[in-house]
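Read the structure below first, then the notes.
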Amino acid sequence: MKAVLIDDEISNLENLQTLLEKHCPQVTITTTAQSISDAVDAIKKHLPDLVFLDIQMGEKTGFDVLKLLPSRNFEVIFVTAYDQYGIQAVKFAALDYLLKPIDIEELINAVNKAEYKLTTQIQNSQLDFLLQQLKRPETNITKIALQMQSEIRYVSLSEIIRCEADNTYTHFFLSSDEKILVSKSLKEYADLLRSNGFLRTHRSHLVNPKYVKSWLKEDGGVLLLISGEKIPISKPNKDTVKQALQQL
Amino acid sequence: MKKIIFAFLSFIITLSTVNAQKGINFPHGYAAGEKLLMSVDSAAKNVYYAIKFPNQPNTSFNYLPEVDHVSIQIYFRKKDSVKHYRYTILADDEPIVVNKPINKEQLKDVIRKDHEWKDEVLDSTTLGVFPIKDKTITTLVYSIEKPLDIDKSVFYGKPIPKAKIEVLAKRFATDKGVDYNHIVNPKERIDLTLTEKDDELTIVKVRSAIDYLYYTSIKDKQTNKIIFKSTAWQYGGYVNEAHKLSPYVDIDKSIFKKSGDYEIIIQPLIRWDRSDNSYYFKHDISPQDIEKYTARYTLAITLEEENYTKKELFMYTFIVALSLGLAFLVILYFSKKRNRKKLAEKEQQKNTAKLKLNSIRSQLNPHFLFNALSGIQNLINKNEIDNANKYLSKFARLTRNVLDDKELISLSQEKTLLDDYLQMEQLRFGFKYEIKCSKNLDLDNIEIPSMLLQPFVENAVKHGISQKATDGEIMITFIKQANDLVLKVTDNGNGFDTGKKNNGLGLQLSDSRIALLNSIYKENRFTLAIQSTPTGTKINLTLTDWL
């Protein structure tokens, strides 16, 4: 895999380079770039398979690099020190990211995933989706990318009735009666969708309040959904769920 | 006791005798006064009976509305001397029979079948059957052995009239004694002003044959309480047009405590007397029926001087004293509270200022922190172990200082801190820097608020020279200027627009920090001067009278 590394700090570039050489032999580093314009030129010139992209670059962001490219036929692994907003958008787009200082295991995983996507030639539309989402203010995110075994699904948040944990996997139940299995834990989605009003009623249940019909008192609290399903509410979550529902 | 019971006794026996009355259907018999029993015809719906009247001993009154005929029997115990008894019967004041002895030949034996009377045999005869509709029959019975003990029984077949006030009189004091004001034939509402001189009211009733039946009460309409009641009438003071004495009651002025509406109520006493063994008496007269016979006058009293009882006076004084005391306490409470609030507010302001300062202070840019860590990771990966150690301890010192919420640190400590910080940044961006201090500054003993310069230095790195890499230069100087401490940060970066507010978190925070510091250290003023040109930025922070 040909890779381009983009970061405005030389030590970060050096570091990533060292780690890749040591732990990811399948990656060939073609070049590195420390500014937006250098990065755009490098990608246009070398047509890499994989781009390591720093999010915060001085006054600008790594997203600006993506915006300036006419085509984006490569996988991206974002790298960031601390950037809440950027990370949130990246998560909604189900794209991979690494946090500095870099964890070697996470690096290997991300590279493997990118390699898998490249070999299976899954259409990479997530970057387009990400750039679209970035145009909106953070609270207005309405869609989420769900990484399935062989495809990426973009689902409206209003379509999601509920999510249920299945070990490290999560089932999404959609209003179209469809059920989608995603290989990420419910915890990650609970954190991601909390600001959109989703309720963690239980260790293994996340519910879209839009689809809640009523609160049943049986068994110390159960949510009845419009679909007729009953979702348990665990004791520690009772108060927060009740408050959230009252505010609707 | 026996006497009263005797008055009641007869009617059970009567049931056997009534049938003997020819031509009239007498379904019931009732006691009708001493030794007398009456039977009334079937037209009777109800019979009202009373034997207790004030100042009228030996009187019984039978009110018989809707009765056509009444039969009156007399009873004697065997030991009574029947021959001594005389009776008089009047129909509407006209004598029918006068002082007539009992015809012994007409006496019949009747048996009183009753556990109390133990089948006693009594003598009985009928005094007669009388039409009673719209009439009054009065019987007078006495023994010639006691001619003053006359038992009077009244059988009243007319409607009982409502009482009427003839005169309402007000007595007042004069030089010679007393005099009266009269209201003759008063209307239903009487306005009356009572002055200090007035002392008594008199109600004079229109005289009737049955005055003893009526009693007078006065109700306070505000409290709905009866404040006066009299069952007796006096005769002698007033003479009516027919030269007869009119009944009256005297009422002391003192019962009227306050101005307002009172009600004079004159109503008849008729009702069934209770008797335990007589279920016949269950019909008491209903309040609605009573109202038919009740006269009501409204008395609107105006008191020129309100009368207060001692209790009321005490109450009012107490209430006034209490409310004054309460008002005083409330005022005291609130003024104390306000003072306390003011103090608390001041204290709180200072506290919140300190808290805010702390929270601002600890906002060392996380972006810097993690990038610094990444820089150290790079040193490790490049096997520059000594350098890695050096920077790791600098990093630790820096974060420790952020975590410590020390208010003040010495200038030398601040110098070390900035040194550490700049070296970490140097690792990220290669630039030059220098920290200079005036020689006459006691670095170890002069203290300044911690992390005071860090945001400005961070800003110099970020906006000033990070793009210039190795050509960048930062100069920090601590200067003593008379009693002021001047802290300077200069860089040769591209500069920024000082008018713009969004020049990064660091500078914004500094503005609010300066404001907060000024609110905490009131004696010393903190002034911030920023000069920014495309060739460099100068920041001057002056702590007046700090040294």
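Starting from 1 in every chain, residues are counted up; chains themselves are A, B, ... following the order of the structure tokens, and ligands are numbered from 1 as listed.
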
**OP:** Report as a PyMOL selection string the set of chain A residues whose atoms approach chain B to within 12 Å, with distances computed over only C-alpha atoms.
**Re:** chain A and resi 7-23+34-35+54-59+79-84+98-104

Excluding same-chain residues fewer than 6 positions from region 156-170 of chain A, what lies within 12 Å of it counting only C-alpha atoms, as a PDB file with C-alpha atoms, in the first residue's frame?
ATOM      1  CA  PHE A  92     -20.585   9.546  12.392  1.00  0.00           C
ATOM      2  CA  ASN A 140     -27.721  19.053  13.014  1.00  0.00           C
ATOM      3  CA  ILE A 141     -26.184  15.757  12.117  1.00  0.00           C
ATOM      4  CA  THR A 142     -29.083  13.727  10.762  1.00  0.00           C
ATOM      5  CA  LYS A 143     -27.398  10.689   9.256  1.00  0.00           C
ATOM      6  CA  ILE A 144     -24.950   8.098  10.397  1.00  0.00           C
ATOM      7  CA  ALA A 145     -22.752   5.711   8.426  1.00  0.00           C
ATOM      8  CA  LEU A 146     -23.018   2.079   9.504  1.00  0.00           C
ATOM      9  CA  GLN A 147     -20.145  -0.191   8.552  1.00  0.00           C
ATOM     10  CA  MET A 148     -21.529  -3.609   7.662  1.00  0.00           C
ATOM     11  CA  GLN A 149     -19.659  -6.685   6.570  1.00  0.00           C
ATOM     12  CA  SER A 176     -38.432  -0.172   7.657  1.00  0.00           C
ATOM     13  CA  ASP A 177     -38.407  -3.369   9.773  1.00  0.00           C
ATOM     14  CA  GLU A 178     -34.809  -3.935   8.694  1.00  0.00           C
ATOM     15  CA  LYS A 179     -32.207  -5.166  11.115  1.00  0.00           C
ATOM     16  CA  ILE A 180     -28.555  -4.227  10.628  1.00  0.00           C
ATOM     17  CA  LEU A 181     -25.614  -5.791  12.429  1.00  0.00           C
ATOM     18  CA  VAL A 182     -22.611  -3.519  12.964  1.00  0.00           C
ATOM     19  CA  SER A 183     -19.271  -4.567  14.411  1.00  0.00           C
ATOM     20  CA  LYS A 184     -18.990  -1.812  16.974  1.00  0.00           C
ATOM     21  CA  SER A 185     -20.082  -1.884  20.600  1.00  0.00           C
ATOM     22  CA  LEU A 186     -23.348  -0.326  21.750  1.00  0.00           C
ATOM     23  CA  LYS A 187     -21.343   1.890  24.103  1.00  0.00           C
ATOM     24  CA  GLU A 188     -19.751   3.700  21.162  1.00  0.00           C
ATOM     25  CA  TYR A 189     -23.126   4.408  19.603  1.00  0.00           C
ATOM     26  CA  ALA A 190     -24.626   5.413  22.932  1.00  0.00           C
ATOM     27  CA  LEU A 192     -22.251   9.148  19.718  1.00  0.00           C
ATOM     28  CA  LEU A 193     -26.041   9.425  19.673  1.00  0.00           C
ATOM     29  CA  ARG A 194     -26.545  10.848  23.151  1.00  0.00           C
ATOM     30  CA  SER A 195     -26.452  14.421  21.875  1.00  0.00           C
ATOM     31  CA  ASN A 196     -29.178  13.450  19.405  1.00  0.00           C
ATOM     32  CA  GLY A 197     -31.503  12.450  22.247  1.00  0.00           C
ATOM     33  CA  PHE A 198     -31.104   8.675  22.124  1.00  0.00           C
ATOM     34  CA  LEU A 199     -31.743   7.044  25.489  1.00  0.00           C
ATOM     35  CA  ARG A 200     -29.563   4.378  27.047  1.00  0.00           C
ATOM     36  CA  THR A 201     -32.300   2.559  28.945  1.00  0.00           C
ATOM     37  CA  HIS A 202     -30.270  -0.485  29.720  1.00  0.00           C
ATOM     38  CA  ARG A 203     -26.783  -1.947  29.426  1.00  0.00           C
ATOM     39  CA  SER A 204     -27.767  -3.506  26.110  1.00  0.00           C
ATOM     40  CA  HIS A 205     -30.460  -1.128  24.862  1.00  0.00           C
ATOM     41  CA  LEU A 206     -30.391   2.257  23.176  1.00  0.00           C
ATOM     42  CA  VAL A 207     -33.759   3.758  22.200  1.00  0.00           C
ATOM     43  CA  ASN A 208     -34.799   6.595  19.926  1.00  0.00           C
ATOM     44  CA  PRO A 209     -37.295   8.567  22.061  1.00  0.00           C
ATOM     45  CA  LYS A 210     -39.271   9.370  18.931  1.00  0.00           C
ATOM     46  CA  TYR A 211     -40.500   5.773  18.923  1.00  0.00           C
ATOM     47  CA  VAL A 212     -41.451   5.543  22.587  1.00  0.00           C
ATOM     48  CA  LYS A 213     -45.172   5.067  23.141  1.00  0.00           C
ATOM     49  CA  LEU A 223     -40.631   1.295  27.763  1.00  0.00           C
ATOM     50  CA  LEU A 224     -43.357   0.350  25.326  1.00  0.00           C
ATOM     51  CA  LEU A 225     -42.406   1.306  21.786  1.00  0.00           C
ATOM     52  CA  ILE A 226     -44.841   2.211  19.034  1.00  0.00           C
ATOM     53  CA  SER A 227     -43.807  -1.034  17.348  1.00  0.00           C
ATOM     54  CA  GLY A 228     -45.173  -2.910  20.380  1.00  0.00           C
ATOM     55  CA  GLU A 229     -41.764  -4.008  21.600  1.00  0.00           C
ATOM     56  CA  LYS A 230     -41.004  -3.704  25.281  1.00  0.00           C
ATOM     57  CA  ILE A 231     -37.568  -2.414  26.269  1.00  0.00           C
ATOM     58  CA  PRO A 232     -36.354  -2.919  29.830  1.00  0.00           C
TER      59      PRO A 232
END

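Across the structure, CA of Lys197 (chain B) and CA of Asp250 (chain B) are spaced 16.4 Å apart.
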
Original post:
Within 8 Å of region 227-229 of chain B, counting only C-alpha atoms, which residues qualify if same-chain residues fewer than 3 places away don't, as a ChimeraX atom specification?
Top reply: /B:215-220,255

Original post:
Got a sec: who's within 12 Å of Gln133 (chain A), counting only C-alpha atoms, leaving out chain neighbours fewer than 2 positions off, as a ChimeraX atom specification?
Top reply: /A:63,85-86,88-93,126-131,135-145,154

Could you take the residues named above and write them with N, CA and C atoms, as a PDB file, in the first residue's frame?
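Output (selection-v5.pdb):
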ATOM      1  N   PHE A  63      -9.414  18.293   7.001  1.00  0.00           N
ATOM      2  CA  PHE A  63     -10.597  18.207   6.136  1.00  0.00           C
ATOM      3  C   PHE A  63     -10.447  19.130   4.931  1.00  0.00           C
ATOM      4  N   TYR A  85     -14.784  18.172  17.938  1.00  0.00           N
ATOM      5  CA  TYR A  85     -15.718  18.341  16.835  1.00  0.00           C
ATOM      6  C   TYR A  85     -15.360  17.443  15.661  1.00  0.00           C
ATOM      7  N   GLY A  86     -14.077  17.510  15.273  1.00  0.00           N
ATOM      8  CA  GLY A  86     -13.630  16.718  14.131  1.00  0.00           C
ATOM      9  C   GLY A  86     -13.856  15.240  14.367  1.00  0.00           C
ATOM     10  N   GLN A  88     -15.995  13.759  16.282  1.00  0.00           N
ATOM     11  CA  GLN A  88     -17.413  13.428  16.260  1.00  0.00           C
ATOM     12  C   GLN A  88     -17.872  13.169  14.821  1.00  0.00           C
ATOM     13  N   ALA A  89     -17.492  14.060  13.919  1.00  0.00           N
ATOM     14  CA  ALA A  89     -17.897  13.920  12.523  1.00  0.00           C
ATOM     15  C   ALA A  89     -17.302  12.658  11.920  1.00  0.00           C
ATOM     16  N   VAL A  90     -16.056  12.388  12.258  1.00  0.00           N
ATOM     17  CA  VAL A  90     -15.382  11.199  11.736  1.00  0.00           C
ATOM     18  C   VAL A  90     -16.094   9.932  12.223  1.00  0.00           C
ATOM     19  N   LYS A  91     -16.525   9.980  13.475  1.00  0.00           N
ATOM     20  CA  LYS A  91     -17.222   8.819  14.031  1.00  0.00           C
ATOM     21  C   LYS A  91     -18.553   8.596  13.320  1.00  0.00           C
ATOM     22  N   PHE A  92     -19.299   9.680  13.084  1.00  0.00           N
ATOM     23  CA  PHE A  92     -20.585   9.546  12.392  1.00  0.00           C
ATOM     24  C   PHE A  92     -20.413   8.965  10.995  1.00  0.00           C
ATOM     25  N   ALA A  93     -19.225   9.235  10.410  1.00  0.00           N
ATOM     26  CA  ALA A  93     -18.973   8.720   9.078  1.00  0.00           C
ATOM     27  C   ALA A  93     -18.363   7.316   9.120  1.00  0.00           C
ATOM     28  N   GLN A 126     -17.558   7.223   2.150  1.00  0.00           N
ATOM     29  CA  GLN A 126     -17.619   7.796   3.493  1.00  0.00           C
ATOM     30  C   GLN A 126     -17.019   9.200   3.555  1.00  0.00           C
ATOM     31  N   LEU A 127     -15.990   9.456   2.742  1.00  0.00           N
ATOM     32  CA  LEU A 127     -15.359  10.775   2.781  1.00  0.00           C
ATOM     33  C   LEU A 127     -16.322  11.837   2.269  1.00  0.00           C
ATOM     34  N   ASP A 128     -17.072  11.485   1.212  1.00  0.00           N
ATOM     35  CA  ASP A 128     -18.074  12.430   0.712  1.00  0.00           C
ATOM     36  C   ASP A 128     -19.088  12.718   1.806  1.00  0.00           C
ATOM     37  N   PHE A 129     -19.522  11.622   2.446  1.00  0.00           N
ATOM     38  CA  PHE A 129     -20.506  11.754   3.525  1.00  0.00           C
ATOM     39  C   PHE A 129     -19.964  12.651   4.641  1.00  0.00           C
ATOM     40  N   LEU A 130     -18.689  12.425   5.002  1.00  0.00           N
ATOM     41  CA  LEU A 130     -18.059  13.220   6.062  1.00  0.00           C
ATOM     42  C   LEU A 130     -18.061  14.702   5.703  1.00  0.00           C
ATOM     43  N   LEU A 131     -17.653  15.009   4.463  1.00  0.00           N
ATOM     44  CA  LEU A 131     -17.562  16.413   4.061  1.00  0.00           C
ATOM     45  C   LEU A 131     -18.946  17.062   4.050  1.00  0.00           C
ATOM     46  N   LYS A 135     -20.489  20.306   6.726  1.00  0.00           N
ATOM     47  CA  LYS A 135     -21.084  21.579   6.314  1.00  0.00           C
ATOM     48  C   LYS A 135     -22.143  22.034   7.302  1.00  0.00           C
ATOM     49  N   ARG A 136     -22.694  21.049   8.028  1.00  0.00           N
ATOM     50  CA  ARG A 136     -23.763  21.400   8.980  1.00  0.00           C
ATOM     51  C   ARG A 136     -23.164  21.680  10.356  1.00  0.00           C
ATOM     52  N   PRO A 137     -23.913  22.433  11.166  1.00  0.00           N
ATOM     53  CA  PRO A 137     -23.488  22.540  12.565  1.00  0.00           C
ATOM     54  C   PRO A 137     -23.619  21.177  13.248  1.00  0.00           C
ATOM     55  N   GLU A 138     -22.800  20.997  14.251  1.00  0.00           N
ATOM     56  CA  GLU A 138     -22.665  19.676  14.876  1.00  0.00           C
ATOM     57  C   GLU A 138     -23.992  19.072  15.303  1.00  0.00           C
ATOM     58  N   THR A 139     -24.864  19.913  15.868  1.00  0.00           N
ATOM     59  CA  THR A 139     -26.116  19.380  16.415  1.00  0.00           C
ATOM     60  C   THR A 139     -27.077  18.945  15.327  1.00  0.00           C
ATOM     61  N   ASN A 140     -26.781  19.362  14.080  1.00  0.00           N
ATOM     62  CA  ASN A 140     -27.721  19.053  13.014  1.00  0.00           C
ATOM     63  C   ASN A 140     -27.406  17.782  12.251  1.00  0.00           C
ATOM     64  N   ILE A 141     -26.497  17.004  12.799  1.00  0.00           N
ATOM     65  CA  ILE A 141     -26.184  15.757  12.117  1.00  0.00           C
ATOM     66  C   ILE A 141     -27.423  14.882  12.086  1.00  0.00           C
ATOM     67  N   THR A 142     -27.827  14.470  10.876  1.00  0.00           N
ATOM     68  CA  THR A 142     -29.083  13.727  10.762  1.00  0.00           C
ATOM     69  C   THR A 142     -28.857  12.304  10.285  1.00  0.00           C
ATOM     70  N   LYS A 143     -27.644  12.028   9.801  1.00  0.00           N
ATOM     71  CA  LYS A 143     -27.398  10.689   9.256  1.00  0.00           C
ATOM     72  C   LYS A 143     -26.160  10.081   9.896  1.00  0.00           C
ATOM     73  N   ILE A 144     -26.122   8.775   9.865  1.00  0.00           N
ATOM     74  CA  ILE A 144     -24.950   8.098  10.397  1.00  0.00           C
ATOM     75  C   ILE A 144     -24.546   6.990   9.424  1.00  0.00           C
ATOM     76  N   ALA A 145     -23.230   6.790   9.290  1.00  0.00           N
ATOM     77  CA  ALA A 145     -22.752   5.711   8.426  1.00  0.00           C
ATOM     78  C   ALA A 145     -22.592   4.451   9.265  1.00  0.00           C
ATOM     79  N   TYR A 154     -25.884   4.322   4.922  1.00  0.00           N
ATOM     80  CA  TYR A 154     -26.119   5.640   5.519  1.00  0.00           C
ATOM     81  C   TYR A 154     -27.569   5.697   5.973  1.00  0.00           C
TER      82      TYR A 154
END

**OP:** Skip region 53-68 of chain B itself and residues of its chain fewer than 5 positions away, then list as a ChimeraX atom specification all residues within 6 Å of it, counting only C-alpha atoms.
**Re:** /B:33,43-44,47-48,131-133,151-157,232

What does the file look like for those residues with N, CA and C atoms, as a tab-separated table (two decimals), in the first residue's frame?
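As a result, out_10.tsv now contains:
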chain	number	residue	atom	x	y	z
B	33	GLY	N	-104.31	18.56	79.82
B	33	GLY	CA	-104.16	19.36	81.03
B	33	GLY	C	-104.65	18.55	82.21
B	43	ALA	N	-110.59	14.86	61.24
B	43	ALA	CA	-110.08	15.95	60.39
B	43	ALA	C	-108.71	16.43	60.88
B	44	ALA	N	-108.37	16.08	62.12
B	44	ALA	CA	-107.13	16.57	62.69
B	44	ALA	C	-105.91	15.94	62.02
B	47	VAL	N	-101.82	17.76	66.34
B	47	VAL	CA	-102.26	18.42	67.57
B	47	VAL	C	-101.02	18.91	68.28
B	48	TYR	N	-101.00	20.19	68.66
B	48	TYR	CA	-99.84	20.74	69.34
B	48	TYR	C	-100.22	21.04	70.78
B	131	PRO	N	-117.76	22.27	68.98
B	131	PRO	CA	-117.15	22.67	67.69
B	131	PRO	C	-115.96	23.59	68.00
B	132	ILE	N	-114.84	23.36	67.34
B	132	ILE	CA	-113.62	24.08	67.71
B	132	ILE	C	-113.07	24.92	66.57
B	133	LYS	N	-113.57	24.67	65.35
B	133	LYS	CA	-113.04	25.39	64.18
B	133	LYS	C	-113.20	26.90	64.40
B	151	ASP	N	-107.11	25.02	87.40
B	151	ASP	CA	-106.42	24.47	86.22
B	151	ASP	C	-107.09	25.00	84.98
B	152	LYS	N	-106.27	25.63	84.17
B	152	LYS	CA	-106.82	26.26	82.97
B	152	LYS	C	-106.35	25.47	81.75
B	153	SER	N	-107.29	25.03	80.91
B	153	SER	CA	-106.92	24.36	79.66
B	153	SER	C	-107.53	25.13	78.51
B	154	VAL	N	-106.68	25.44	77.55
B	154	VAL	CA	-107.14	26.21	76.40
B	154	VAL	C	-107.11	25.30	75.17
B	155	PHE	N	-108.25	25.23	74.47
B	155	PHE	CA	-108.32	24.49	73.21
B	155	PHE	C	-108.45	25.53	72.13
B	156	TYR	N	-107.39	25.63	71.31
B	156	TYR	CA	-107.27	26.78	70.41
B	156	TYR	C	-107.48	26.32	68.98
B	157	GLY	N	-108.59	26.70	68.38
B	157	GLY	CA	-108.91	26.25	67.02
B	157	GLY	C	-108.69	27.31	65.98
B	232	ALA	N	-90.76	35.96	79.35
B	232	ALA	CA	-91.80	36.59	80.19
B	232	ALA	C	-92.16	37.98	79.68

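For Lys242 (chain A), the set of protein, DNA and RNA residues having any atom at most 10 Å away, when counting only C-alpha atoms and skipping those fewer than 4 positions along the same chain, is Leu199, Thr201, Trp215, Gly221, Ile233, Asn237, Lys238, Gln246 and Gln247 of chain A.
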
Please save C-alpha atoms of the selected residues as a short mmCIF file (atom, residue, chain, number, x, y, z; two decimals), in the first residue's frame.
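Heads up, here's the output in again10.cif:
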data_model
loop_
_atom_site.label_atom_id
_atom_site.label_comp_id
_atom_site.auth_asym_id
_atom_site.auth_seq_id
_atom_site.Cartn_x
_atom_site.Cartn_y
_atom_site.Cartn_z
CA LEU A 199 -31.74 7.04 25.49
CA THR A 201 -32.30 2.56 28.94
CA TRP A 215 -43.74 4.02 30.17
CA GLY A 221 -40.21 0.13 34.52
CA ILE A 233 -35.11 0.02 31.88
CA ASN A 237 -30.87 4.59 34.25
CA LYS A 238 -34.42 5.08 35.46
CA GLN A 246 -40.56 14.34 30.43
CA GLN A 247 -38.62 16.97 28.56
#

**OP:** Report the residues of region 7-210 of chain A whose backbone DSSP state falls under alpha helix (DSSP H), written as a PyMOL selection string.
**Re:** chain A and resi 10-23+36-46+62-67+84-92+104-120+126-135+186-193

Original post:
So how many Å separate CA of Leu441 (chain B) and CA of Lys488 (chain B), to one decimal?
Top reply: 14.6 Å

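Excluding Glu94 (chain B) itself and any same-chain residue fewer than 6 positions from it, the protein and nucleic acid residues within 10 Å of it, counting only C-alpha atoms, are Thr136, Ile137 and Thr138 of chain B.
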
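Counting from CA of Thr533 (chain B), the distance to CA of Thr490 (chain B) is 11.2 Å.
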